[in-house]
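What follows is a single structure, written as structure tokens, with notes after it.
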Amino acid sequence: MIFVAFLFFMFSCSKSDDSSSTSNNSSTRTWTDVAYASASNTQKLDIYLPATGDGPFPVVIWIHGGAFKMGSKANPQSQTTLNNNGFAVVSINYRLSGEAKWPAQLEDLKSVVKFLRTNASTYKINPDKIGAWGASAGGHLAAMTGIALSLDATTKIQATVDWFGPIDFFQYGCRHSCFGS
């Protein structure tokens with residue numbers, strides 16, 4: 001249900017473009033392993049544009065899960081569906097917990113948003129229509145991107161989807177230590 005609301009919001013805000021809504025499902029335009037920052041070799045992203053249309057496309061930043069300690073930008077969730085509906089998908093790698101402690105991951109998301117805004121015309125994306133969607137640890141990061149970065153115009157995004165991400169770490173820790181699960 002939240003995903004449907006996310007798509008509704010992004011579509012209601014997006015520029016009407018008949019060519020992107022009738023995209024050819026068989027191909028996408030992509031850039032892979034694009035560096036969005038220079039603190040780590042991990043800070044790379046892949047950009048997938050819809051098969052047709054000239055843009056600028058609304059963009060969904062896909063943030064992978066993996067308990068903050070594993071995972072990859074490979075095979076972003078629903079990339080084909082989003083592309084077929086006129087969305088660019090940006091799948092990111094962020095510094096994992098073994099490499100950098102919190103809030104490095106949030107700083108990575110801040111760098112991603114700034115990179116996308118700065119390079120919007122190069123990648124045919126709409127800098128005013130950016131959303132974040134993540135699963136598990138990525139869901140937590142999507143929520144934090146929407147909340148913590150909302151006060152700065154250079155990093156504020158228009159939509160977030162937290163797909164089963166942990167939010168209350170104090171309760172999470174107690175549940176596991178207090179109840180033995």
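Naming works like this for the structure tokens: A, B, ... for the chains as they're shown, residue 1 at the start of each chain, ligands 1 onward in shown order.
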Based on DSSP run over this structure's backbone, return all residues of stretch 41-122 of chain A in alpha helix (DSSP H), as a ChimeraX atom specification.
-> /A:79-84,104-118,120-122
For A:His140, please output as a ChimeraX atom specification all residues within 12 Å (counting only C-alpha atoms; exclusion window: fewer than 4 positions along the same chain).
-> /A:63-68,105-106,109,132-136,144-148,160-169
Mind dumping the selected residues with N, CA and C atoms as a PDB file, in the first residue's frame?
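And here's again35.pdb as it stands now:
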```
ATOM      1  N   ILE A  63      17.897   1.735  -1.946  1.00  0.00           N
ATOM      2  CA  ILE A  63      18.901   1.517  -0.900  1.00  0.00           C
ATOM      3  C   ILE A  63      18.769   0.075  -0.408  1.00  0.00           C
ATOM      4  N   HIS A  64      19.783  -0.725  -0.656  1.00  0.00           N
ATOM      5  CA  HIS A  64      19.740  -2.150  -0.312  1.00  0.00           C
ATOM      6  C   HIS A  64      19.759  -2.368   1.200  1.00  0.00           C
ATOM      7  N   GLY A  65      19.252  -3.506   1.602  1.00  0.00           N
ATOM      8  CA  GLY A  65      19.317  -3.934   2.995  1.00  0.00           C
ATOM      9  C   GLY A  65      20.549  -4.788   3.227  1.00  0.00           C
ATOM     10  N   GLY A  66      20.606  -5.415   4.402  1.00  0.00           N
ATOM     11  CA  GLY A  66      21.722  -6.293   4.740  1.00  0.00           C
ATOM     12  C   GLY A  66      22.264  -6.050   6.128  1.00  0.00           C
ATOM     13  N   ALA A  67      21.393  -5.618   7.038  1.00  0.00           N
ATOM     14  CA  ALA A  67      21.769  -5.430   8.446  1.00  0.00           C
ATOM     15  C   ALA A  67      22.902  -4.423   8.622  1.00  0.00           C
ATOM     16  N   PHE A  68      23.037  -3.503   7.686  1.00  0.00           N
ATOM     17  CA  PHE A  68      24.075  -2.468   7.703  1.00  0.00           C
ATOM     18  C   PHE A  68      25.481  -3.038   7.535  1.00  0.00           C
ATOM     19  N   GLN A 105      26.737   6.389   6.913  1.00  0.00           N
ATOM     20  CA  GLN A 105      25.765   5.932   5.937  1.00  0.00           C
ATOM     21  C   GLN A 105      24.812   7.069   5.540  1.00  0.00           C
ATOM     22  N   LEU A 106      24.395   7.860   6.513  1.00  0.00           N
ATOM     23  CA  LEU A 106      23.540   9.011   6.220  1.00  0.00           C
ATOM     24  C   LEU A 106      24.315  10.060   5.417  1.00  0.00           C
ATOM     25  N   LEU A 109      24.185   9.040   1.854  1.00  0.00           N
ATOM     26  CA  LEU A 109      22.915   9.395   1.221  1.00  0.00           C
ATOM     27  C   LEU A 109      22.869  10.883   0.900  1.00  0.00           C
ATOM     28  N   ALA A 132      13.322   8.182  -2.123  1.00  0.00           N
ATOM     29  CA  ALA A 132      14.199   7.104  -1.659  1.00  0.00           C
ATOM     30  C   ALA A 132      13.332   5.936  -1.205  1.00  0.00           C
ATOM     31  N   TRP A 133      13.773   4.725  -1.532  1.00  0.00           N
ATOM     32  CA  TRP A 133      13.058   3.511  -1.166  1.00  0.00           C
ATOM     33  C   TRP A 133      14.104   2.491  -0.765  1.00  0.00           C
ATOM     34  N   GLY A 134      13.921   1.901   0.404  1.00  0.00           N
ATOM     35  CA  GLY A 134      14.864   0.896   0.847  1.00  0.00           C
ATOM     36  C   GLY A 134      14.181  -0.208   1.615  1.00  0.00           C
ATOM     37  N   ALA A 135      14.852  -1.350   1.669  1.00  0.00           N
ATOM     38  CA  ALA A 135      14.350  -2.512   2.394  1.00  0.00           C
ATOM     39  C   ALA A 135      15.277  -2.800   3.567  1.00  0.00           C
ATOM     40  N   SER A 136      14.682  -3.153   4.702  1.00  0.00           N
ATOM     41  CA  SER A 136      15.427  -3.521   5.894  1.00  0.00           C
ATOM     42  C   SER A 136      16.362  -2.379   6.290  1.00  0.00           C
ATOM     43  N   MET A 144      15.597   7.858   7.229  1.00  0.00           N
ATOM     44  CA  MET A 144      16.506   8.882   7.737  1.00  0.00           C
ATOM     45  C   MET A 144      16.822   9.930   6.680  1.00  0.00           C
ATOM     46  N   THR A 145      16.910   9.512   5.431  1.00  0.00           N
ATOM     47  CA  THR A 145      17.136  10.463   4.345  1.00  0.00           C
ATOM     48  C   THR A 145      15.963  11.438   4.256  1.00  0.00           C
ATOM     49  N   GLY A 146      14.760  10.911   4.372  1.00  0.00           N
ATOM     50  CA  GLY A 146      13.584  11.763   4.303  1.00  0.00           C
ATOM     51  C   GLY A 146      13.427  12.686   5.489  1.00  0.00           C
ATOM     52  N   ILE A 147      13.854  12.241   6.655  1.00  0.00           N
ATOM     53  CA  ILE A 147      13.666  13.037   7.877  1.00  0.00           C
ATOM     54  C   ILE A 147      14.876  13.913   8.167  1.00  0.00           C
ATOM     55  N   ALA A 148      16.030  13.298   8.335  1.00  0.00           N
ATOM     56  CA  ALA A 148      17.211  14.026   8.809  1.00  0.00           C
ATOM     57  C   ALA A 148      17.741  15.028   7.789  1.00  0.00           C
ATOM     58  N   THR A 160       9.652   9.163   0.574  1.00  0.00           N
ATOM     59  CA  THR A 160      10.431   8.046   1.101  1.00  0.00           C
ATOM     60  C   THR A 160       9.532   6.841   1.321  1.00  0.00           C
ATOM     61  N   VAL A 161      10.112   5.664   1.137  1.00  0.00           N
ATOM     62  CA  VAL A 161       9.434   4.419   1.479  1.00  0.00           C
ATOM     63  C   VAL A 161      10.400   3.600   2.336  1.00  0.00           C
ATOM     64  N   ASP A 162       9.986   3.339   3.558  1.00  0.00           N
ATOM     65  CA  ASP A 162      10.730   2.476   4.471  1.00  0.00           C
ATOM     66  C   ASP A 162      10.052   1.121   4.410  1.00  0.00           C
ATOM     67  N   TRP A 163      10.663   0.203   3.671  1.00  0.00           N
ATOM     68  CA  TRP A 163      10.091  -1.126   3.484  1.00  0.00           C
ATOM     69  C   TRP A 163      10.690  -2.043   4.543  1.00  0.00           C
ATOM     70  N   PHE A 164      10.002  -2.235   5.621  1.00  0.00           N
ATOM     71  CA  PHE A 164      10.327  -3.063   6.791  1.00  0.00           C
ATOM     72  C   PHE A 164      11.689  -2.761   7.401  1.00  0.00           C
ATOM     73  N   GLY A 165      12.042  -1.488   7.464  1.00  0.00           N
ATOM     74  CA  GLY A 165      13.305  -1.100   8.079  1.00  0.00           C
ATOM     75  C   GLY A 165      13.167  -0.936   9.580  1.00  0.00           C
ATOM     76  N   PRO A 166      14.214  -1.225  10.333  1.00  0.00           N
ATOM     77  CA  PRO A 166      14.172  -1.016  11.781  1.00  0.00           C
ATOM     78  C   PRO A 166      14.158   0.482  12.080  1.00  0.00           C
ATOM     79  N   ILE A 167      13.365   0.870  13.058  1.00  0.00           N
ATOM     80  CA  ILE A 167      13.262   2.288  13.417  1.00  0.00           C
ATOM     81  C   ILE A 167      13.644   2.516  14.873  1.00  0.00           C
ATOM     82  N   ASP A 168      13.074   1.752  15.774  1.00  0.00           N
ATOM     83  CA  ASP A 168      13.301   1.962  17.207  1.00  0.00           C
ATOM     84  C   ASP A 168      14.365   0.982  17.692  1.00  0.00           C
ATOM     85  N   PHE A 169      15.627   1.394  17.603  1.00  0.00           N
ATOM     86  CA  PHE A 169      16.720   0.505  17.967  1.00  0.00           C
ATOM     87  C   PHE A 169      16.774   0.209  19.461  1.00  0.00           C
TER      88      PHE A 169
END
```
Just give me the gap between atom CA of A:Asp54 and atom CA of A:Asp108 in Å, one decimal is fine.
->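 We find that atom CA of A:Asp54 and atom CA of A:Asp108 lie 28.2 Å from each other.
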Would you mind reading off the distance between atom CA of A:Val89 and atom CA of A:Ser72, one decimal, in Å?
-> 14.7 Å
Determine the nearest neighbour of A:Lys73 from the options A:Ala120, A:Val60, A:Val90, A:Ala159, counting only C-alpha atoms.
->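 Looking at the shortest contact to A:Lys73, the residue is A:Val90.
In this model, the gap between atom CA of A:Arg29 and atom CA of A:Thr122 comes to 12.6 Å.
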Can you tell me, as a PyMOL selection string, what residues are no more than 12 Å from A:Lys69 when counting only C-alpha atoms, ignoring any on the same chain fewer than 5 positions away?
-> chain A and resi 64+93-102+105+136-138
Running DSSP on the backbone, which parts of stretch 97-138 of chain A land in strand (DSSP E), as a ChimeraX atom specification?
-> /A:125-135
Which neighbours of A:Val34 fall inside 6 Å, counting only C-alpha atoms, when residues of the same chain fewer than 2 positions from it are skipped, and could you give them as number ranges by chain?
-> A: 32, 44-45
From the set A:Phe115, A:Phe87, A:Tyr123, A:Trp31, which residue has the shortest atom-to-atom contact distance to A:Pro50, counting only C-alpha atoms?
->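 The shortest atom-to-atom distance to A:Pro50 comes from A:Phe87.
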So, counting only C-alpha atoms, which residue among A:Lys110, A:Ala104, A:Ile157, A:Ala88 is closest to A:Gly55?
-> A:Ala88
